[in-house]
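Enquirer: Quick one: the structure is below, questions incoming.
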Number of protein chains: 2
Amino acid sequence: MEGTDSQEDFKKLDKSLRIRRIIDTATRLFHQKGYRSTTLDDVSKELGITKAALYHYVSSKENLLSIIYIQALENIFENLHMILEKDLPPDKRLRLIIQNHIKNISIRYLPMLSVFLTEEGHLPESDSRKIREEKKKYTRVIEKTIEQGILQGLFLKADPKLQAYAILGMCNWIYKWYRPEHTPYTPDQIADGFVSLLEAGYLKKERAKECTDLGIPAGPIKKGKHETRKQIYYRLKKQCKAMIEIIDELEKTP
Amino acid sequence: MEGTDSQEDFKKLDKSLRIRRIIDTATRLFHQKGYRSTTLDDVSKELGITKAALYHYVSSKENLLSIIYIQALENIFENLHMILEKDLPPDKRLRLIIQNHIKNISIRYLPMLSVFLTEEGHLPESDSRKIREEKKKYTRVIEKTIEQGILQGLFLKADPKLQAYAILGMCNWIYKWYRPEHTPYTPDQIADGFVSLLEAGYLKKERAKECTDLGIPAGPIKKGKHETRKQIYYRLKKQCKAMIEIIDELEKTP
């Protein structure tokens, strides 16, 4: 019997892994059927254990939802802290944050993100408040990165908060359309496509082009400050070519 | 009494307006409390009519949800068709589609979009299938516009479907963070901010810059084809200035 097998499986697990298994199973069910339509009976059945055994780990369905939210926050902030610790220039940092969000949050933990973004109303008020604060913190990191990018002359002038909302919308929305078995894009393709669109949108043109053209990392170089003569010659030559093209066009224009 | 007033109000309305009022009221409640937590009793109470009177217009809560979805589709496609009828070049068309989505769908009909994007699972299967098809049609319009933009050399090369998802995510997500009474941005500011970010991201650089610099409409001009000599001189002068700046930098670089 399936149930007995899972029960054996579950009992063989180390305690921390058991909680992990409960979280994963409940997340999957909440994602598929919605929090309201899922009962603790469904969860225990899916785990192959009795409801009494499940109560050993969680005190209620609401408590289970809170545990899922705590786990989701851990997933979200774990990588973010690693990125922030690297102390990168704003353009590199924002790129990593976006790539991480797409690949490690929206796609890898899709069912968890889906629950995280839709079931907040079912949390106890104190947890719900905490979640709102943590979400704001996350948005604020993106906002501050954009602010710094603008200050350092790397990013185009824009409203940092509005741009943070725009980026988050694009990245979060993935949970609505990405289906591992149907979507014809790999996580890398999605991350590359979105990063290209966004970077062309928020990075200063010459900066974005320079980095791509010269194959140099998008570091905190300021024009004429840390550039080598070779890089400046390169830009000068490109500019000359562009002028020649314009003169050609002029010749053809009546 | 509030209830009696609304009841009088409701009875005074023309029949088509009564249905409109029912849709608006139910949409607001479904948006606030969720479809599952709202009863037809809540809806009739809010309207100030009896449940029996409500049954005169809708046969069930599910039927009411279907009616809301039909109305939402009408709102979504009405303006889209007007935009498509204008037969604009892809860059202008996509700009209008994005502006319309942000201002006339995500913000103006926020509660309706919220219900539309979250309660599909509660529709009868046949309606749900129809909604999925209509959503695909809408995405396909954006995708095709991007395809044409790339073909006509106006847009940067990219995967049109992936870019359509990116744009839709950014625009749809507004329903999650926009609150008329709290958000410090006007609908126009949001539309302008998002359009700037996106256009810098998908339009070809020289095209985007040209349009802004010369204050010319983003029409289907092709370089050296429909441009006047005056416009080309302008570009040439800009190019010269940029070269002089680079030579200045070169002078200062050891």
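Naming scheme: A, B, ... for chains in displayed order of the structure tokens; residues 1 onward per chain; ligands 1 onward as shown.
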Within 8 Å of range 101-110 of chain B, counting only C-alpha atoms, which residues show up once you throw out same-chain ones fewer than 6 positions away? Write them as a count of residues only, please.
Expert: 11
Enquirer: Mind running a least-squares superposition of chain B onto chain A over all the C-alpha atoms, in order, and reading off the RMSD?
Expert: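 Chain A versus chain B: RMSD of 0.3 Å.
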Enquirer: Using only C-alpha atoms, find which residues of chain A lie within 9 Å of chain B and jot them down as JSON, numbers by chain.
Expert: {"A": [33, 36, 118, 121, 158, 159, 162, 163, 165, 166, 167, 168, 169, 170, 171, 172, 173, 174, 176, 177, 185, 190, 193, 194, 196, 197, 198, 199, 200, 201, 202, 205, 223, 224, 225, 226, 227, 228, 229, 232, 233, 235, 236, 239, 240, 242, 243, 246, 247, 248, 249, 250, 252, 253, 254]}
Enquirer: For those residues, write C-alpha atoms to a file as a PDB file, in the first residue's frame.
Expert:
```pdb
ATOM      1  CA  LYS A  33      -6.232  23.196  -3.991  1.00  0.00           C
ATOM      2  CA  ARG A  36      -9.167  26.915   2.444  1.00  0.00           C
ATOM      3  CA  THR A 118      -1.769  34.388  -2.086  1.00  0.00           C
ATOM      4  CA  GLY A 121      -4.994  36.673   4.556  1.00  0.00           C
ATOM      5  CA  ALA A 158      14.107  56.948 -12.291  1.00  0.00           C
ATOM      6  CA  ASP A 159      11.894  56.563  -9.247  1.00  0.00           C
ATOM      7  CA  LEU A 162       8.413  52.399  -8.633  1.00  0.00           C
ATOM      8  CA  GLN A 163      11.176  50.596 -10.474  1.00  0.00           C
ATOM      9  CA  TYR A 165       7.735  47.345  -7.948  1.00  0.00           C
ATOM     10  CA  ALA A 166       8.143  46.927 -11.702  1.00  0.00           C
ATOM     11  CA  ILE A 167      11.015  44.459 -11.320  1.00  0.00           C
ATOM     12  CA  LEU A 168       9.299  42.490  -8.569  1.00  0.00           C
ATOM     13  CA  GLY A 169       6.088  42.256 -10.575  1.00  0.00           C
ATOM     14  CA  MET A 170       7.899  40.851 -13.574  1.00  0.00           C
ATOM     15  CA  CYS A 171       9.780  38.311 -11.430  1.00  0.00           C
ATOM     16  CA  ASN A 172       6.949  37.275  -9.092  1.00  0.00           C
ATOM     17  CA  TRP A 173       4.449  36.840 -11.904  1.00  0.00           C
ATOM     18  CA  ILE A 174       6.424  33.844 -13.130  1.00  0.00           C
ATOM     19  CA  LYS A 176       1.405  32.357 -12.620  1.00  0.00           C
ATOM     20  CA  TRP A 177       2.650  31.130 -15.989  1.00  0.00           C
ATOM     21  CA  TYR A 185      12.074  27.945 -21.451  1.00  0.00           C
ATOM     22  CA  ILE A 190      13.975  33.217 -18.448  1.00  0.00           C
ATOM     23  CA  GLY A 193      15.660  37.297 -21.119  1.00  0.00           C
ATOM     24  CA  PHE A 194      14.327  39.284 -18.172  1.00  0.00           C
ATOM     25  CA  SER A 196      18.450  41.767 -20.742  1.00  0.00           C
ATOM     26  CA  LEU A 197      15.144  43.594 -20.940  1.00  0.00           C
ATOM     27  CA  LEU A 198      15.532  45.163 -17.492  1.00  0.00           C
ATOM     28  CA  GLU A 199      19.202  46.099 -17.735  1.00  0.00           C
ATOM     29  CA  ALA A 200      18.705  47.759 -21.107  1.00  0.00           C
ATOM     30  CA  GLY A 201      15.889  49.585 -19.339  1.00  0.00           C
ATOM     31  CA  TYR A 202      17.604  50.803 -16.174  1.00  0.00           C
ATOM     32  CA  LYS A 205      23.106  53.157 -22.388  1.00  0.00           C
ATOM     33  CA  LYS A 223      33.763  57.508 -17.413  1.00  0.00           C
ATOM     34  CA  GLY A 224      37.242  58.948 -17.776  1.00  0.00           C
ATOM     35  CA  LYS A 225      38.112  58.010 -14.217  1.00  0.00           C
ATOM     36  CA  HIS A 226      39.016  54.352 -14.050  1.00  0.00           C
ATOM     37  CA  GLU A 227      38.875  53.587 -17.763  1.00  0.00           C
ATOM     38  CA  THR A 228      42.088  52.642 -19.521  1.00  0.00           C
ATOM     39  CA  ARG A 229      43.198  54.496 -22.655  1.00  0.00           C
ATOM     40  CA  ILE A 232      38.498  55.068 -24.403  1.00  0.00           C
ATOM     41  CA  TYR A 233      40.109  54.510 -27.827  1.00  0.00           C
ATOM     42  CA  ARG A 235      34.695  54.151 -27.650  1.00  0.00           C
ATOM     43  CA  LEU A 236      36.252  56.798 -29.868  1.00  0.00           C
ATOM     44  CA  GLN A 239      31.864  56.940 -32.340  1.00  0.00           C
ATOM     45  CA  CYS A 240      33.857  57.570 -35.551  1.00  0.00           C
ATOM     46  CA  ALA A 242      28.767  55.946 -36.245  1.00  0.00           C
ATOM     47  CA  MET A 243      29.654  59.373 -37.696  1.00  0.00           C
ATOM     48  CA  ILE A 246      25.526  59.230 -40.624  1.00  0.00           C
ATOM     49  CA  ILE A 247      27.527  61.040 -43.316  1.00  0.00           C
ATOM     50  CA  ASP A 248      26.745  58.174 -45.714  1.00  0.00           C
ATOM     51  CA  GLU A 249      23.043  58.591 -44.993  1.00  0.00           C
ATOM     52  CA  LEU A 250      23.337  62.332 -45.489  1.00  0.00           C
ATOM     53  CA  LYS A 252      21.864  59.675 -49.909  1.00  0.00           C
ATOM     54  CA  THR A 253      19.281  62.146 -48.592  1.00  0.00           C
ATOM     55  CA  PRO A 254      17.993  64.620 -51.189  1.00  0.00           C
TER      56      PRO A 254
END
```
Enquirer: Tell me, as a list in words, which residues lie within 12 Å of Glu78 in chain B, counting only C-alpha atoms; anything in the same chain fewer than 6 positions away does not count.
Expert: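 The residues that qualify are Ile70, Gln71, Ala72, Leu84, Glu85, Ile97, Asn100, His101, Asn104, Ile105 and Tyr138 of chain B.
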Enquirer: Pull the helix (DSSP H, G or I) assignments for range 49-250 of chain B out of DSSP run on the backbone, and list those residues as a PyMOL selection string.
Expert: chain B and resi 51-55+61-85+90-107+110-118+120-122+125-151+160-172+174-177+187-202+205-214+229-250
Enquirer: For CA of Ile68 in chain B and CA of Arg179 in chain A, determine how far apart the two atoms are, in Å to one decimal place.
Expert: 26.9 Å
Enquirer: What does the distance between CA of Lys161 in chain A and CA of Glu181 in chain B come to in Å, to one decimal place?
Expert: 17.2 Å
